[in-house]
Amino acid sequence: MVVRPKERRGADRQATSLSSTKSGRDPKLINMERIVGEIAFQLDRRILSSIFPDRVRLYGFTVSSIPEKIQQAANDSLSPMSADERQSLGERYDTIMNMLKPKGYDPNFHSRFTEHIVNTYGILRERPDMAGPEGDVYNNPSYLRQVIEQIVPPEKMTDCLTLLDCLSFMASTDGKPLFIW
């Protein structure tokens, strides 16, 4: 399960920067790693919110668990889902997957790979100022491609670039920024 942590404040933020300095890891490198994880996280959330548009909270939902979550919703005793609603969710899932397949997305592999990338690299700890220069950078596919090429090992690079291509495609389709906060 991928859950975005709450924004860190004051002493927590300071402790994080001190720990990365003490460990000898470059804070810029750590941030670039988190950008790679954020790309995967954002794609996962974008797919989930496209399939489950009425759900505000998607805790416990991953792309790999969508068929299971649809079945669970059908059997929910508190608010059971009708057959039409289940069919609609299934159709949205199929539509999204069919849109992403030409971009190289394999739902059997990339849904699990996305979780692996988020768990390996983490996600951005704080929301960047999207009105400032950070916003331009995080919505620039060329910059994000460069980050992937600098951070990700060669054996995972093609799949990470596929995630970025899919995220870019979905953003262009829905007219929203790459990273939705």
# chains A, B, ... in the order shown; residues from 1 in each chain; ligands from 1
$ residues_around --residues "Asn119 of chain A" --least-positions-apart "2" --cutoff "12 Å" --atoms "only C-alpha atoms" --output "ChimeraX atom specification"
/A:1-4,33-34,36-38,40-41,112-117,121-123
$ residues_around --residues "segment 171-180 of chain A" --least-positions-apart "5" --cutoff "10 Å" --atoms "only C-alpha atoms" --output "count of residues only"
20
$ closest_residue --among "A:Ser111, A:Gly60, A:Gly132, A:Pro53" --to "Cys160 of chain A" --atoms "only C-alpha atoms"
A:Ser111
$ select_by_dssp --residues "segment 97-135 of chain A" --states "helix (DSSP H, G or I)" --output "PyMOL selection string"
chain A and resi 97-103+107-121+133-135
$ residues_around --residues "Met32 of chain A" --least-positions-apart "6" --cutoff "9 Å" --atoms "only C-alpha atoms" --output "list in words"
Tyr121, Val147, Ile148, Gln150 and Ile151 of chain A
$ atom_distance --atom1 "atom CA of Phe109 of chain A" --atom2 "atom CA of Gln87 of chain A"
23.8 Å
$ residues_around --residues "Leu100 of chain A" --least-positions-apart "4" --cutoff "12 Å" --atoms "only C-alpha atoms" --output "mmCIF file with C-alpha atoms, in the first residue's frame"
data_model
loop_
_atom_site.group_PDB
_atom_site.id
_atom_site.type_symbol
_atom_site.label_atom_id
_atom_site.label_comp_id
_atom_site.auth_asym_id
_atom_site.auth_seq_id
_atom_site.Cartn_x
_atom_site.Cartn_y
_atom_site.Cartn_z
ATOM 1 C CA LEU A 43 0.752 7.341 -12.277
ATOM 2 C CA ILE A 47 -5.054 5.419 -12.886
ATOM 3 C CA TYR A 93 -10.341 -0.275 -15.992
ATOM 4 C CA ASP A 94 -10.299 -1.903 -19.448
ATOM 5 C CA THR A 95 -10.441 1.497 -21.172
ATOM 6 C CA ILE A 96 -7.493 2.885 -19.180
ATOM 7 C CA GLY A 104 4.230 -0.021 -23.393
ATOM 8 C CA TYR A 105 2.267 -0.478 -20.172
ATOM 9 C CA ASP A 106 1.694 -4.097 -19.186
ATOM 10 C CA PRO A 107 -0.838 -4.179 -16.336
ATOM 11 C CA HIS A 110 3.930 -2.434 -14.461
ATOM 12 C CA SER A 111 1.337 -2.311 -11.682
ATOM 13 C CA THR A 162 7.329 3.734 -19.699
ATOM 14 C CA LEU A 163 5.774 4.941 -16.423
ATOM 15 C CA LEU A 164 6.715 8.521 -17.287
ATOM 16 C CA ASP A 165 5.339 8.173 -20.823
ATOM 17 C CA CYS A 166 2.056 6.825 -19.425
ATOM 18 C CA LEU A 167 1.836 9.618 -16.843
ATOM 19 C CA SER A 168 2.519 12.219 -19.552
ATOM 20 C CA PHE A 169 -0.113 10.653 -21.790
ATOM 21 C CA MET A 170 -2.731 10.631 -19.032
ATOM 22 C CA THR A 173 -5.585 13.380 -21.976
#
$ atom_distance --atom1 "atom CA of Ser77 of chain A" --atom2 "atom CA of Asp54 of chain A"
18.6 Å
$ atom_distance --atom1 "atom CA of Leu58 of chain A" --atom2 "atom CA of Asp159 of chain A"
24.3 Å
$ decode --residues "segment 8-127 of chain A" --atoms "C-alpha atoms" --output "PDB file, in the first residue's frame"
ATOM      1  CA  ARG A   8       6.783  17.327   7.627  1.00  0.00           C
ATOM      2  CA  ARG A   9       7.126  20.371   9.821  1.00  0.00           C
ATOM      3  CA  GLY A  10       9.798  22.139  11.844  1.00  0.00           C
ATOM      4  CA  ALA A  11      11.980  19.762  13.848  1.00  0.00           C
ATOM      5  CA  ASP A  12      10.970  16.754  11.716  1.00  0.00           C
ATOM      6  CA  ARG A  13      12.103  18.520   8.547  1.00  0.00           C
ATOM      7  CA  GLN A  14      15.332  19.582  10.207  1.00  0.00           C
ATOM      8  CA  ALA A  15      15.990  16.040  11.473  1.00  0.00           C
ATOM      9  CA  THR A  16      15.462  14.670   7.980  1.00  0.00           C
ATOM     10  CA  SER A  17      17.959  17.058   6.442  1.00  0.00           C
ATOM     11  CA  LEU A  18      20.462  16.382   9.217  1.00  0.00           C
ATOM     12  CA  SER A  19      20.127  12.625   8.833  1.00  0.00           C
ATOM     13  CA  SER A  20      20.730  12.814   5.084  1.00  0.00           C
ATOM     14  CA  THR A  21      23.761  15.033   5.691  1.00  0.00           C
ATOM     15  CA  LYS A  22      25.124  12.718   8.389  1.00  0.00           C
ATOM     16  CA  SER A  23      24.698   9.682   6.167  1.00  0.00           C
ATOM     17  CA  GLY A  24      26.849  11.401   3.561  1.00  0.00           C
ATOM     18  CA  ARG A  25      24.131  11.229   0.914  1.00  0.00           C
ATOM     19  CA  ASP A  26      23.694  14.264  -1.237  1.00  0.00           C
ATOM     20  CA  PRO A  27      20.283  15.875  -0.542  1.00  0.00           C
ATOM     21  CA  LYS A  28      19.940  16.691  -4.271  1.00  0.00           C
ATOM     22  CA  LEU A  29      20.454  13.013  -5.125  1.00  0.00           C
ATOM     23  CA  ILE A  30      17.897  11.986  -2.500  1.00  0.00           C
ATOM     24  CA  ASN A  31      15.398  14.463  -3.981  1.00  0.00           C
ATOM     25  CA  MET A  32      16.019  13.110  -7.493  1.00  0.00           C
ATOM     26  CA  GLU A  33      15.388   9.572  -6.242  1.00  0.00           C
ATOM     27  CA  ARG A  34      12.143  10.723  -4.689  1.00  0.00           C
ATOM     28  CA  ILE A  35      11.136  12.340  -7.978  1.00  0.00           C
ATOM     29  CA  VAL A  36      11.481   8.917  -9.643  1.00  0.00           C
ATOM     30  CA  GLY A  37       9.257   7.409  -6.936  1.00  0.00           C
ATOM     31  CA  GLU A  38       6.819  10.295  -7.268  1.00  0.00           C
ATOM     32  CA  ILE A  39       6.439   9.634 -11.003  1.00  0.00           C
ATOM     33  CA  ALA A  40       5.386   6.058 -10.213  1.00  0.00           C
ATOM     34  CA  PHE A  41       3.136   7.179  -7.344  1.00  0.00           C
ATOM     35  CA  GLN A  42       1.433   9.830  -9.477  1.00  0.00           C
ATOM     36  CA  LEU A  43       0.752   7.341 -12.277  1.00  0.00           C
ATOM     37  CA  ASP A  44      -0.727   4.853  -9.806  1.00  0.00           C
ATOM     38  CA  ARG A  45      -2.982   7.552  -8.290  1.00  0.00           C
ATOM     39  CA  ARG A  46      -3.961   8.869 -11.736  1.00  0.00           C
ATOM     40  CA  ILE A  47      -5.054   5.419 -12.886  1.00  0.00           C
ATOM     41  CA  LEU A  48      -6.932   4.724  -9.644  1.00  0.00           C
ATOM     42  CA  SER A  49      -8.733   8.066  -9.630  1.00  0.00           C
ATOM     43  CA  SER A  50      -9.748   7.523 -13.266  1.00  0.00           C
ATOM     44  CA  ILE A  51     -11.307   4.178 -12.419  1.00  0.00           C
ATOM     45  CA  PHE A  52     -12.742   5.169  -9.033  1.00  0.00           C
ATOM     46  CA  PRO A  53     -13.628   8.852  -9.602  1.00  0.00           C
ATOM     47  CA  ASP A  54     -16.133   8.953  -6.743  1.00  0.00           C
ATOM     48  CA  ARG A  55     -13.687   7.726  -4.104  1.00  0.00           C
ATOM     49  CA  VAL A  56     -11.898  10.487  -2.238  1.00  0.00           C
ATOM     50  CA  ARG A  57      -9.684   8.118  -0.266  1.00  0.00           C
ATOM     51  CA  LEU A  58      -7.834   5.355  -2.043  1.00  0.00           C
ATOM     52  CA  TYR A  59      -5.932   3.930   0.920  1.00  0.00           C
ATOM     53  CA  GLY A  60      -5.189   0.283   0.314  1.00  0.00           C
ATOM     54  CA  PHE A  61      -5.898   0.601  -3.398  1.00  0.00           C
ATOM     55  CA  THR A  62      -3.193  -0.155  -5.928  1.00  0.00           C
ATOM     56  CA  VAL A  63      -3.495  -0.700  -9.649  1.00  0.00           C
ATOM     57  CA  SER A  64      -2.575  -4.357  -9.153  1.00  0.00           C
ATOM     58  CA  SER A  65      -5.499  -4.778  -6.738  1.00  0.00           C
ATOM     59  CA  ILE A  66      -8.218  -3.112  -8.863  1.00  0.00           C
ATOM     60  CA  PRO A  67     -10.052  -6.318  -9.882  1.00  0.00           C
ATOM     61  CA  GLU A  68      -9.999  -7.480  -6.243  1.00  0.00           C
ATOM     62  CA  LYS A  69     -11.246  -4.081  -5.005  1.00  0.00           C
ATOM     63  CA  ILE A  70     -14.119  -4.123  -7.501  1.00  0.00           C
ATOM     64  CA  GLN A  71     -15.127  -7.575  -6.220  1.00  0.00           C
ATOM     65  CA  GLN A  72     -14.837  -6.421  -2.583  1.00  0.00           C
ATOM     66  CA  ALA A  73     -17.059  -3.430  -3.315  1.00  0.00           C
ATOM     67  CA  ALA A  74     -19.624  -5.748  -4.855  1.00  0.00           C
ATOM     68  CA  ASN A  75     -19.750  -7.785  -1.659  1.00  0.00           C
ATOM     69  CA  ASP A  76     -19.668  -4.854   0.775  1.00  0.00           C
ATOM     70  CA  SER A  77     -22.555  -5.342   3.191  1.00  0.00           C
ATOM     71  CA  LEU A  78     -22.615  -1.660   4.220  1.00  0.00           C
ATOM     72  CA  SER A  79     -22.887  -0.203   0.728  1.00  0.00           C
ATOM     73  CA  PRO A  80     -23.137  -2.934  -1.883  1.00  0.00           C
ATOM     74  CA  MET A  81     -22.466  -2.038  -5.490  1.00  0.00           C
ATOM     75  CA  SER A  82     -24.964  -2.824  -8.196  1.00  0.00           C
ATOM     76  CA  ALA A  83     -24.082  -4.999 -11.175  1.00  0.00           C
ATOM     77  CA  ASP A  84     -24.199  -1.881 -13.384  1.00  0.00           C
ATOM     78  CA  GLU A  85     -21.740  -0.065 -11.105  1.00  0.00           C
ATOM     79  CA  ARG A  86     -19.370  -3.064 -11.121  1.00  0.00           C
ATOM     80  CA  GLN A  87     -19.604  -3.264 -14.886  1.00  0.00           C
ATOM     81  CA  SER A  88     -18.878   0.461 -15.187  1.00  0.00           C
ATOM     82  CA  LEU A  89     -15.750   0.131 -13.017  1.00  0.00           C
ATOM     83  CA  GLY A  90     -14.588  -2.851 -15.047  1.00  0.00           C
ATOM     84  CA  GLU A  91     -15.134  -0.967 -18.292  1.00  0.00           C
ATOM     85  CA  ARG A  92     -13.192   2.052 -17.018  1.00  0.00           C
ATOM     86  CA  TYR A  93     -10.341  -0.275 -15.992  1.00  0.00           C
ATOM     87  CA  ASP A  94     -10.299  -1.903 -19.448  1.00  0.00           C
ATOM     88  CA  THR A  95     -10.441   1.497 -21.172  1.00  0.00           C
ATOM     89  CA  ILE A  96      -7.493   2.885 -19.180  1.00  0.00           C
ATOM     90  CA  MET A  97      -5.411  -0.260 -19.691  1.00  0.00           C
ATOM     91  CA  ASN A  98      -6.170  -0.258 -23.432  1.00  0.00           C
ATOM     92  CA  MET A  99      -5.087   3.392 -23.622  1.00  0.00           C
ATOM     93  CA  LEU A 100      -1.810   2.667 -21.832  1.00  0.00           C
ATOM     94  CA  LYS A 101      -0.854  -0.567 -23.602  1.00  0.00           C
ATOM     95  CA  PRO A 102       0.316   1.239 -26.790  1.00  0.00           C
ATOM     96  CA  LYS A 103       2.636   3.248 -24.506  1.00  0.00           C
ATOM     97  CA  GLY A 104       4.230  -0.021 -23.393  1.00  0.00           C
ATOM     98  CA  TYR A 105       2.267  -0.478 -20.172  1.00  0.00           C
ATOM     99  CA  ASP A 106       1.694  -4.097 -19.186  1.00  0.00           C
ATOM    100  CA  PRO A 107      -0.838  -4.179 -16.336  1.00  0.00           C
ATOM    101  CA  ASN A 108       0.451  -7.538 -15.119  1.00  0.00           C
ATOM    102  CA  PHE A 109       4.003  -6.225 -14.763  1.00  0.00           C
ATOM    103  CA  HIS A 110       3.930  -2.434 -14.461  1.00  0.00           C
ATOM    104  CA  SER A 111       1.337  -2.311 -11.682  1.00  0.00           C
ATOM    105  CA  ARG A 112       3.725  -4.300  -9.450  1.00  0.00           C
ATOM    106  CA  PHE A 113       6.776  -2.491 -10.833  1.00  0.00           C
ATOM    107  CA  THR A 114       5.196   0.832  -9.828  1.00  0.00           C
ATOM    108  CA  GLU A 115       4.878  -0.346  -6.230  1.00  0.00           C
ATOM    109  CA  HIS A 116       8.508  -1.515  -6.322  1.00  0.00           C
ATOM    110  CA  ILE A 117       9.727   1.877  -7.571  1.00  0.00           C
ATOM    111  CA  VAL A 118       7.762   3.782  -4.922  1.00  0.00           C
ATOM    112  CA  ASN A 119       9.106   1.490  -2.211  1.00  0.00           C
ATOM    113  CA  THR A 120      12.674   1.741  -3.561  1.00  0.00           C
ATOM    114  CA  TYR A 121      12.895   5.504  -4.098  1.00  0.00           C
ATOM    115  CA  GLY A 122      10.173   6.934  -1.867  1.00  0.00           C
ATOM    116  CA  ILE A 123       8.099   9.955  -2.795  1.00  0.00           C
ATOM    117  CA  LEU A 124       8.496  13.673  -2.359  1.00  0.00           C
ATOM    118  CA  ARG A 125       7.998  14.506   1.298  1.00  0.00           C
ATOM    119  CA  GLU A 126       6.608  17.991   0.763  1.00  0.00           C
ATOM    120  CA  ARG A 127       4.464  19.491  -1.902  1.00  0.00           C
TER     121      ARG A 127
END
